[in-house]
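Structure data follow from input.csv (CSV, C-alpha atoms):
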```
chain,number,residue,atom,x,y,z
O,1,MET,CA,0.0,0.0,0.0
O,2,LYS,CA,1.4,3.4,-1.0
O,3,GLU,CA,2.0,6.0,1.6
O,4,TYR,CA,1.6,9.7,1.0
O,5,TYR,CA,2.6,12.9,2.7
O,6,LEU,CA,0.1,15.5,4.1
O,7,PRO,CA,0.7,19.2,3.6
O,8,THR,CA,1.4,19.6,7.3
O,9,ASP,CA,4.4,17.2,6.9
O,10,PHE,CA,6.6,19.8,5.1
O,11,ILE,CA,8.8,20.8,8.1
O,12,LYS,CA,9.4,17.3,9.4
O,13,ALA,CA,10.0,15.8,6.0
O,14,PRO,CA,13.8,15.5,5.2
O,15,LYS,CA,14.9,17.9,2.5
O,16,TYR,CA,18.0,18.7,0.5
O,17,ASP,CA,18.3,21.9,-1.6
O,18,ALA,CA,21.0,20.6,-3.8
O,19,HIS,CA,21.5,23.7,-5.9
O,20,THR,CA,22.1,27.0,-4.2
O,21,HIS,CA,24.8,29.6,-4.5
O,22,TYR,CA,25.9,30.7,-1.0
O,23,HIS,CA,28.3,33.6,-1.3
O,24,THR,CA,28.5,35.0,2.2
O,25,PHE,CA,30.1,34.1,5.5
O,26,ASN,CA,26.8,35.0,7.2
O,27,ASP,CA,25.3,31.7,8.2
O,28,VAL,CA,21.8,32.7,9.3
O,29,CYS,CA,20.2,30.9,6.3
O,30,VAL,CA,22.2,27.7,7.1
O,31,ARG,CA,21.1,27.7,10.7
O,32,LYS,CA,17.5,28.3,9.8
O,33,ALA,CA,17.7,25.5,7.2
O,34,LYS,CA,18.8,23.1,9.9
O,35,LYS,CA,15.7,24.0,12.0
O,36,ALA,CA,13.5,23.4,8.9
O,37,ASN,CA,15.0,19.9,8.5
O,38,MET,CA,16.8,21.0,5.3
O,39,ASN,CA,20.4,20.5,4.1
O,40,LEU,CA,22.1,22.8,1.6
O,41,LEU,CA,24.5,22.1,-1.3
O,42,SER,CA,26.2,25.3,-2.5
O,43,ILE,CA,27.4,25.3,-6.1
O,44,ASN,CA,30.7,27.1,-6.8
O,45,THR,CA,30.6,28.3,-10.4
O,46,ASN,CA,33.0,29.7,-12.9
O,47,PHE,CA,31.1,32.9,-13.6
O,48,ASP,CA,31.9,36.6,-13.2
O,49,ILE,CA,30.0,37.3,-10.0
O,50,LEU,CA,32.5,36.1,-7.5
O,51,PRO,CA,36.0,34.7,-8.0
O,52,ILE,CA,36.2,30.9,-7.6
O,53,ASP,CA,38.8,31.2,-4.9
O,54,ALA,CA,36.5,33.4,-2.8
O,55,GLN,CA,33.6,31.0,-3.4
O,56,LEU,CA,35.8,28.1,-2.2
O,57,GLU,CA,36.9,30.0,0.9
O,58,ILE,CA,33.3,30.8,1.9
O,59,SER,CA,32.2,27.2,1.3
O,60,GLN,CA,35.0,25.7,3.2
O,61,VAL,CA,34.4,27.9,6.2
O,62,LEU,CA,30.6,27.2,6.3
O,63,HIS,CA,31.2,23.5,5.8
O,64,LYS,CA,33.5,23.4,8.7
O,65,ARG,CA,31.1,25.4,10.8
O,66,HIS,CA,28.0,23.3,9.8
O,67,PRO,CA,29.3,19.9,8.5
O,68,GLU,CA,26.0,18.2,8.6
O,69,THR,CA,23.9,20.9,7.1
O,70,PHE,CA,26.1,22.7,4.6
O,71,ASN,CA,28.0,21.0,1.8
O,72,PHE,CA,29.3,22.3,-1.5
O,73,LEU,CA,30.6,21.6,-5.0
O,74,GLY,CA,33.9,23.1,-6.3
O,75,THR,CA,34.8,24.2,-9.8
O,76,PHE,CA,37.8,25.2,-11.9
O,77,ASN,CA,38.6,28.1,-14.2
O,78,ALA,CA,37.6,27.0,-17.7
O,79,VAL,CA,38.4,30.4,-19.1
O,80,THR,CA,42.2,29.5,-19.2
O,81,PHE,CA,41.5,26.5,-21.5
O,82,ALA,CA,44.1,27.7,-24.0
O,83,SER,CA,47.0,27.5,-21.5
O,84,GLU,CA,49.5,24.8,-22.1
O,85,THR,CA,49.1,23.7,-18.4
O,86,PHE,CA,45.3,24.1,-18.4
O,87,ALA,CA,44.3,20.5,-17.6
O,88,GLU,CA,47.1,20.2,-15.1
O,89,ASP,CA,46.1,23.4,-13.3
O,90,ALA,CA,42.4,22.5,-13.4
O,91,ILE,CA,43.1,19.1,-11.8
O,92,GLU,CA,45.2,20.7,-9.2
O,93,HIS,CA,42.4,23.1,-8.3
O,94,ILE,CA,39.9,20.3,-8.3
O,95,THR,CA,42.1,18.4,-5.9
O,96,LYS,CA,42.3,21.5,-3.7
O,97,CYS,CA,38.4,21.7,-3.7
O,98,MET,CA,38.0,18.1,-2.8
O,99,THR,CA,40.6,18.4,0.0
O,100,ALA,CA,38.6,21.4,1.3
O,101,GLY,CA,35.5,19.2,1.6
O,102,ALA,CA,33.8,19.5,-1.8
O,103,ARG,CA,31.4,16.8,-2.8
O,104,GLY,CA,31.8,17.2,-6.5
O,105,ILE,CA,32.7,19.7,-9.3
O,106,LYS,CA,30.6,22.0,-11.4
O,107,ILE,CA,31.1,23.2,-15.0
O,108,TRP,CA,29.1,26.0,-16.5
O,109,LYS,CA,27.5,27.2,-19.7
O,110,ASN,CA,30.5,29.4,-20.6
O,111,ILE,CA,31.7,26.1,-22.1
O,112,GLY,CA,29.9,26.0,-25.4
O,113,MET,CA,28.3,29.4,-25.2
O,114,THR,CA,31.0,32.1,-24.6
O,115,LEU,CA,34.5,30.6,-24.7
O,116,LYS,CA,36.2,30.7,-28.1
O,117,ASN,CA,39.6,29.6,-29.4
O,118,GLU,CA,42.1,31.7,-31.4
O,119,ALA,CA,40.2,30.8,-34.6
O,120,GLY,CA,37.0,32.2,-33.2
O,121,THR,CA,35.4,28.8,-32.9
O,122,TYR,CA,33.3,28.1,-29.8
O,123,VAL,CA,34.9,25.6,-27.4
O,124,MET,CA,32.4,22.8,-26.7
O,125,ALA,CA,32.3,20.5,-23.7
O,126,ASP,CA,33.5,17.5,-25.7
O,127,ASN,CA,36.6,19.4,-26.8
O,128,PRO,CA,39.8,17.4,-26.2
O,129,VAL,CA,41.2,20.1,-23.9
O,130,PHE,CA,38.7,18.9,-21.2
O,131,ALA,CA,39.4,15.2,-21.7
O,132,PRO,CA,42.1,14.8,-19.0
O,133,ILE,CA,39.7,16.5,-16.5
O,134,PHE,CA,36.8,14.3,-17.2
O,135,ALA,CA,39.0,11.2,-17.1
O,136,PHE,CA,40.3,12.3,-13.7
O,137,LEU,CA,36.8,12.9,-12.3
O,138,GLU,CA,35.8,9.5,-13.6
O,139,LYS,CA,38.8,7.7,-12.2
O,140,LYS,CA,38.4,9.4,-8.8
O,141,LYS,CA,34.6,8.9,-8.8
O,142,ILE,CA,34.1,12.6,-8.3
O,143,PRO,CA,30.5,13.7,-9.3
O,144,LEU,CA,30.2,16.3,-12.0
O,145,LEU,CA,27.3,18.8,-12.1
O,146,ALA,CA,27.1,20.3,-15.6
O,147,HIS,CA,25.1,23.3,-16.7
O,148,LEU,CA,25.6,22.9,-20.4
O,149,GLY,CA,23.4,24.7,-22.9
O,150,GLU,CA,20.2,26.4,-21.9
O,151,PRO,CA,16.4,25.7,-22.3
O,152,ARG,CA,15.4,25.1,-25.9
O,153,ASN,CA,13.4,28.3,-25.6
O,154,CYS,CA,16.7,30.2,-25.6
O,155,TRP,CA,17.0,29.6,-29.3
O,156,LEU,CA,13.4,30.9,-30.0
O,157,PRO,CA,12.1,34.4,-30.2
O,158,LEU,CA,10.6,35.7,-27.0
O,159,GLU,CA,7.0,35.4,-28.2
O,160,SER,CA,7.5,31.7,-29.0
O,161,MET,CA,8.9,30.7,-25.7
O,162,THR,CA,6.8,28.2,-23.7
O,163,THR,CA,7.3,29.8,-20.2
O,164,ASP,CA,7.1,33.4,-19.1
O,165,SER,CA,10.0,32.8,-16.8
O,166,ASP,CA,12.2,32.2,-19.8
O,167,ARG,CA,10.9,35.3,-21.5
O,168,ARG,CA,11.7,37.4,-18.5
O,169,TYR,CA,15.2,35.9,-18.1
O,170,PHE,CA,16.3,36.2,-21.7
O,171,SER,CA,14.8,39.6,-22.2
O,172,LYS,CA,17.0,40.8,-19.3
O,173,ASN,CA,20.0,38.8,-20.5
O,174,PRO,CA,20.2,39.2,-24.3
O,175,ASN,CA,23.8,38.1,-24.3
O,176,TYR,CA,22.5,34.5,-23.5
O,177,HIS,CA,19.4,34.7,-25.8
O,178,MET,CA,20.8,32.5,-28.5
O,179,TYR,CA,18.1,33.5,-31.0
O,180,LEU,CA,19.9,36.8,-31.2
O,181,HIS,CA,23.3,35.2,-31.8
O,182,SER,CA,23.2,32.9,-34.8
O,183,ASP,CA,26.9,32.2,-34.7
O,184,ILE,CA,26.7,30.3,-31.4
O,185,PRO,CA,26.3,26.5,-31.6
O,186,SER,CA,22.7,25.4,-31.8
O,187,TYR,CA,20.7,23.8,-29.0
O,188,GLU,CA,21.1,20.4,-30.7
O,189,GLN,CA,24.9,20.8,-30.8
O,190,GLN,CA,25.0,21.7,-27.1
O,191,ILE,CA,23.1,18.5,-26.2
O,192,GLU,CA,25.1,16.3,-28.6
O,193,ALA,CA,28.4,17.5,-27.1
O,194,ARG,CA,27.1,16.6,-23.7
O,195,ASP,CA,26.0,13.2,-24.9
O,196,ARG,CA,29.4,12.5,-26.3
O,197,ILE,CA,30.9,13.1,-22.9
O,198,LEU,CA,28.4,10.6,-21.4
O,199,GLU,CA,29.5,8.1,-24.1
O,200,ARG,CA,33.2,8.5,-23.6
O,201,TYR,CA,33.2,8.4,-19.8
O,202,PRO,CA,30.5,5.8,-18.9
O,203,GLU,CA,31.6,5.6,-15.2
O,204,LEU,CA,31.5,9.4,-14.7
O,205,ILE,CA,28.8,10.4,-12.2
O,206,PHE,CA,27.2,13.1,-14.3
O,207,VAL,CA,24.3,15.4,-13.1
O,208,GLY,CA,22.7,17.5,-15.7
O,209,ALA,CA,21.7,20.8,-14.1
O,210,HIS,CA,18.4,22.3,-14.8
O,211,LEU,CA,16.8,19.1,-16.1
O,212,GLY,CA,19.9,18.6,-18.3
O,213,SER,CA,18.7,21.5,-20.5
O,214,MET,CA,16.0,19.1,-21.8
O,215,ASP,CA,13.3,20.8,-19.8
O,216,TRP,CA,10.9,20.7,-22.8
O,217,SER,CA,10.6,16.9,-22.9
O,218,PHE,CA,10.6,14.3,-20.2
O,219,GLU,CA,10.7,11.8,-23.0
O,220,GLU,CA,14.1,13.1,-24.1
O,221,ILE,CA,15.4,12.9,-20.5
O,222,ALA,CA,14.1,9.4,-20.1
O,223,LYS,CA,16.0,8.3,-23.3
O,224,ARG,CA,19.2,9.5,-21.7
O,225,PHE,CA,18.4,7.8,-18.4
O,226,ASP,CA,17.9,4.5,-20.2
O,227,ARG,CA,21.0,4.9,-22.3
O,228,PHE,CA,23.4,6.3,-19.6
O,229,PRO,CA,23.2,4.6,-16.2
O,230,ASN,CA,25.3,7.3,-14.4
O,231,PHE,CA,23.3,10.2,-15.8
O,232,TYR,CA,21.1,12.2,-13.4
O,233,VAL,CA,19.4,15.6,-13.5
O,234,ASP,CA,18.5,18.2,-11.0
O,235,LEU,CA,15.3,20.3,-11.1
O,236,SER,CA,16.8,23.6,-10.3
O,237,GLY,CA,15.3,26.7,-11.9
O,238,ARG,CA,12.8,24.7,-14.0
O,239,PHE,CA,9.7,24.5,-12.0
O,240,ASP,CA,7.6,26.4,-14.6
O,241,HIS,CA,8.7,23.9,-17.3
O,242,ILE,CA,7.6,21.0,-15.1
O,243,VAL,CA,4.2,22.7,-14.6
O,244,GLU,CA,3.9,23.5,-18.3
O,245,GLN,CA,4.5,19.8,-19.2
O,246,THR,CA,2.1,18.7,-16.5
O,247,LEU,CA,-0.7,20.9,-18.0
O,248,ARG,CA,0.0,19.2,-21.4
O,249,ASN,CA,0.2,15.5,-20.1
O,250,ARG,CA,-0.2,15.0,-16.4
O,251,ASN,CA,0.0,11.2,-16.5
O,252,LEU,CA,3.3,11.2,-18.4
O,253,VAL,CA,4.8,13.5,-15.8
O,254,ILE,CA,3.7,11.4,-12.9
O,255,ASP,CA,4.9,8.2,-14.6
O,256,PHE,CA,8.3,9.9,-15.3
O,257,PHE,CA,8.9,10.9,-11.7
O,258,GLU,CA,7.8,7.5,-10.4
O,259,THR,CA,9.8,5.5,-12.9
O,260,TYR,CA,13.0,7.5,-12.6
O,261,ARG,CA,12.7,8.4,-8.9
O,262,ASN,CA,16.4,7.5,-8.3
O,263,ARG,CA,17.8,9.8,-11.0
O,264,ILE,CA,16.3,13.1,-10.0
O,265,VAL,CA,17.6,15.7,-7.5
O,266,TYR,CA,15.7,18.7,-6.1
O,267,GLY,CA,17.3,22.1,-6.1
O,268,LEU,CA,15.9,25.6,-6.1
O,269,ASP,CA,18.8,27.6,-7.6
O,270,TYR,CA,19.1,31.0,-5.8
O,271,PHE,CA,21.8,33.3,-4.5
O,272,VAL,CA,22.5,34.1,-0.8
O,273,ALA,CA,25.0,37.0,-1.0
O,274,GLU,CA,25.0,40.5,0.4
O,275,GLN,CA,27.0,41.9,-2.4
O,276,TYR,CA,24.2,41.4,-4.9
O,277,ARG,CA,21.6,43.5,-3.0
O,278,TRP,CA,20.3,46.6,-4.8
O,279,GLY,CA,18.5,49.8,-3.6
O,280,TRP,CA,16.7,49.7,-0.3
O,281,THR,CA,17.4,46.0,0.2
O,282,ASN,CA,21.1,46.7,0.3
O,283,LEU,CA,20.5,49.3,3.0
O,284,VAL,CA,18.5,46.9,5.0
O,285,TYR,CA,21.2,44.3,4.8
O,286,LYS,CA,23.9,46.7,5.9
O,287,CYS,CA,21.9,47.9,8.8
O,288,PHE,CA,20.2,44.6,9.9
O,289,PRO,CA,22.0,41.7,8.3
O,290,SER,CA,20.6,39.0,10.5
O,291,ILE,CA,17.0,40.2,10.0
O,292,TYR,CA,17.5,40.5,6.3
O,293,MET,CA,18.9,37.0,6.0
O,294,SER,CA,16.1,35.7,8.1
O,295,LEU,CA,13.5,37.3,5.8
O,296,LEU,CA,15.4,36.0,2.8
O,297,PHE,CA,15.4,32.4,4.1
O,298,GLU,CA,11.6,32.6,4.8
O,299,TYR,CA,11.1,33.8,1.2
O,300,LEU,CA,13.2,30.9,-0.1
O,301,CYS,CA,11.6,28.4,2.2
O,302,ARG,CA,8.1,29.4,0.9
O,303,LYS,CA,9.3,28.7,-2.6
O,304,ILE,CA,10.7,25.3,-1.6
O,305,LYS,CA,7.5,24.5,0.2
O,306,LYS,CA,5.4,25.3,-2.9
O,307,HIS,CA,7.5,22.9,-4.9
O,308,TRP,CA,7.4,20.2,-2.2
O,309,LEU,CA,3.6,20.5,-2.0
O,310,PHE,CA,3.3,20.2,-5.8
O,311,PHE,CA,5.2,16.9,-5.8
O,312,ALA,CA,4.0,15.4,-2.5
O,313,THR,CA,0.4,16.4,-2.2
O,314,ASP,CA,-2.8,17.2,-4.2
O,315,THR,CA,-2.8,20.8,-3.0
O,316,VAL,CA,-3.9,23.3,-5.5
O,317,ILE,CA,-0.8,25.4,-6.4
O,318,LYS,CA,-1.1,28.9,-7.8
O,319,THR,CA,1.2,29.2,-10.8
O,320,GLY,CA,0.1,32.3,-12.5
O,321,ASN,CA,0.0,32.4,-16.3
O,322,ILE,CA,3.4,30.6,-16.7
O,323,SER,CA,3.2,30.4,-20.5
O,324,ASN,CA,1.4,33.7,-21.3
O,325,ASN,CA,-1.4,31.6,-22.8
O,326,PRO,CA,-4.8,32.9,-21.6
O,327,GLU,CA,-6.4,29.5,-22.4
O,328,LEU,CA,-4.3,27.7,-19.8
O,329,PRO,CA,-5.3,27.7,-16.1
O,330,THR,CA,-3.4,29.8,-13.5
O,331,GLN,CA,-3.3,27.1,-10.9
O,332,ILE,CA,-2.6,23.3,-10.9
O,333,THR,CA,-3.3,20.4,-8.6
O,334,GLY,CA,-0.2,18.8,-7.1
O,335,LEU,CA,1.1,15.4,-8.4
O,336,LYS,CA,0.7,13.7,-5.1
O,337,LEU,CA,3.6,11.3,-5.7
O,338,PRO,CA,4.1,8.4,-3.2
O,339,LYS,CA,6.2,9.3,-0.1
O,340,ASN,CA,9.1,7.1,-1.2
O,341,VAL,CA,9.3,8.9,-4.5
O,342,VAL,CA,9.2,12.3,-2.8
O,343,ASP,CA,11.9,11.3,-0.4
O,344,CYS,CA,14.2,10.1,-3.2
O,345,ILE,CA,13.8,13.4,-5.2
O,346,PHE,CA,14.0,15.8,-2.2
O,347,TYR,CA,16.5,14.0,0.0
O,348,LYS,CA,17.9,10.5,-0.7
O,349,ASN,CA,19.3,11.1,-4.2
O,350,ALA,CA,21.4,14.1,-3.2
O,351,LYS,CA,22.8,12.2,-0.3
O,352,SER,CA,23.6,9.2,-2.5
O,353,ILE,CA,25.0,11.0,-5.5
O,354,TYR,CA,27.1,13.5,-3.7
O,355,SER,CA,28.0,11.2,-0.7
O,356,VAL,CA,26.8,13.9,1.7
O,357,SER,CA,25.7,13.6,5.3
```
Show me, as structure tokens, the structure contained in the file I just sent.
Amino acid sequence: MKEYYLPTDFIKAPKYDAHTHYHTFNDVCVRKAKKANMNLLSINTNFDILPIDAQLEISQVLHKRHPETFNFLGTFNAVTFASETFAEDAIEHITKCMTAGARGIKIWKNIGMTLKNEAGTYVMADNPVFAPIFAFLEKKKIPLLAHLGEPRNCWLPLESMTTDSDRRYFSKNPNYHMYLHSDIPSYEQQIEARDRILERYPELIFVGAHLGSMDWSFEEIAKRFDRFPNFYVDLSGRFDHIVEQTLRNRNLVIDFFETYRNRIVYGLDYFVAEQYRWGWTNLVYKCFPSIYMSLLFEYLCRKIKKHWLFFATDTVIKTGNISNNPELPTQITGLKLPKNVVDCIFYKNAKSIYSVS
């Protein structure tokens, strides 16, 4: 007989937010997460917001302070791919991250979407320059979280995108709106490059961030699950895509999560960092940092609860007009997946894949 959660079970249910970016030594959110029966996995990323050494220092300090609640993934500097000692330096930094307590390594969409070689050709993830790194990760059984490519919507005009969240993001970030940049490798080329890595390194523990950039089709994700036994995905930043697919084919979505319960990891994808506060929020943080961080955690916890209720119960969730289609409803009934499925997605898989406490 299947067991199910009740809406009131949210706090006591074990949870792992396996995709956050924690960029401050202020640990208020970590302490509040512990009280909410929630663990955090902070993702160090090779982007321009904060140097990777600074990210590593923050992560190491918080992990030592809260070893059971706060874990992290390291990264390396892919921008220096043209250096003669690139692979050697990257592996050295990966080793440094793992020694500091990292549970895996992250690569980002700058590979395939911004990095170019001297000839002006985009450097894809399956480029031989990264081969020694992937081989090292495979040999050492170090999990790799990879944000490669973007939603397929990224290659469409704004009015053709299937979710309003994508329209908002790419309208504000035209540098990553691939429809405007015809010289950048196509969506299909991004996915094919990723699949070639999975073929070449079959023992590599590979987690595709953001539904593996295949958020438009659970059938496509299922094909990769069936083909690559060490391939997983996280749900971070793609809740609207899940809702959109549920509105189109609810039974398919339920069957997907039940069938592949051991291959899916929950994550919210958000930043906790005082240096990114603007306007009055920046003033509030400077004057009342603990209060601000407490309010921030409550906001994030409400979002996580909304997602948990969608998966775990038949609660009616307000979604708004996620696809800007007036014919679609603005609320949806939760999937009410069995308790053991919810526990896998929201807790057990993160612990297993990343070998965390």
Restricting the calculation to only C-alpha atoms, which member of O:Gly212, O:Asp314, O:Ala13, O:Asn325 is positioned closest to O:Glu192? O:Gly212
In Å, with one decimal, what is the gap from atom CA of O:Lys32 to atom CA of O:Phe47?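 Straight-line distance from atom CA of O:Lys32 to atom CA of O:Phe47 works out to 27.5 Å.
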Distance in Å - atom CA of O:Gly104 versus atom CA of O:Leu73: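 Answer for the atom CA of O:Gly104 to atom CA of O:Leu73 separation: 4.8 Å.
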Hey, can you check how far atom CA of O:Phe170 sits from atom CA of O:Leu158? 7.8 Å
Using all atoms listed in the file, what residues lie at most 8 Å away from (26.6, 30.1, 0.3) (file coordinates), given as an NGL selection string? :O and (20-25 or 42 or 55 or 58-59 or 62 or 271-273)
Taking into account only C-alpha atoms, which residue in the set O:Met293, O:Val123, O:Ile91, O:Leu180 is nearest to O:Asn26? O:Met293
Excluding O:Val28 and its own-chain neighbours fewer than 4 positions away, which residues fall within 9 Å of it when counting all atoms listed in the file? Please give them as JSON, numbers by chain. {"O": [32, 33, 290, 291, 293, 294, 297]}
Nearby residues (all atoms listed in the file) at most 12 Å from O:Glu199, same-chain spacing under 3 positions excluded, as a list in words: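 Here the answer would be Asp126, Phe134, Glu192, Ala193, Arg194, Asp195, Arg196, Pro202, Glu203, Leu204, Phe206, Arg224, Arg227, Phe228, Pro229, Asn230 and Phe231 of chain O.
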I want to know what sits within 9 Å of O:Ala146, based on only C-alpha atoms, with residues of the same chain fewer than 5 positions away left out; could you give that as a list in words?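 Final neighbour list, sorted by chain and number: Ile105, Lys106, Ile107, Trp108, Lys109, Arg194, Phe206, Val207, Gly208, Ala209, His210 and Gly212 of chain O.
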Might you pull out every residue within 8 Å of stretch 86-89 of chain O, with only C-alpha atoms counted and same-chain residues fewer than 3 positions away left off, and present them as a ChimeraX atom specification? /O:80-83,92-93,129-130,132-133
Out of O:Val243, O:Tyr260, O:Pro289, O:Ile254, which residue has the shortest atom-to-atom distance to O:Thr319 when counting only C-alpha atoms? O:Val243
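Considering all atoms listed in the file, the residue among O:Pro151, O:Pro67, O:Gly74, O:Pro174 positioned nearest to O:Ile52 is O:Gly74.
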For O:Pro143, which residue among O:Val356, O:Glu274, O:Phe218, O:Leu6 is the nearest when counting all atoms listed in the file?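 Looking at the shortest contact to O:Pro143, the residue is O:Val356.
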Taking only C-alpha atoms into account, name the residue in O:Ala54, O:Met1, O:Ile184, O:Val61 that is nearest to O:Asn110.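 Checking each of O:Ala54, O:Met1, O:Ile184, O:Val61 against O:Asn110, counting only C-alpha atoms, the winner is O:Ile184.
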Near-O:Thr333 list (12 Å; all atoms listed in the file; drop same-chain fewer than 3 positions) as an NGL selection string: :O and (243 or 246-247 or 250 or 306-307 or 309-319 or 329-330 or 336-337)
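Residues of protein, DNA and RNA with at least one atom no farther than 9 Å from (10.2, 25.3, -14.2) are, using all atoms listed in the file, Thr163, Ser165, His210, Asp215, Leu235, Ser236, Gly237, Arg238, Phe239, Asp240, His241, Ile242, Val243, Glu244 and Ile322 of chain O.
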Convert the current residue selection to file output with C-alpha atoms, as a compact mmCIF listing (two decimals), in the coordinates of the input.
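The file below, part_13.txt, is the result:
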```
# COMPACT_ATOMS: atom_id res chain seq x y z
CA THR O 163 7.30 29.80 -20.20
CA SER O 165 10.00 32.80 -16.80
CA HIS O 210 18.40 22.30 -14.80
CA ASP O 215 13.30 20.80 -19.80
CA LEU O 235 15.30 20.30 -11.10
CA SER O 236 16.80 23.60 -10.30
CA GLY O 237 15.30 26.70 -11.90
CA ARG O 238 12.80 24.70 -14.00
CA PHE O 239 9.70 24.50 -12.00
CA ASP O 240 7.60 26.40 -14.60
CA HIS O 241 8.70 23.90 -17.30
CA ILE O 242 7.60 21.00 -15.10
CA VAL O 243 4.20 22.70 -14.60
CA GLU O 244 3.90 23.50 -18.30
CA ILE O 322 3.40 30.60 -16.70
```
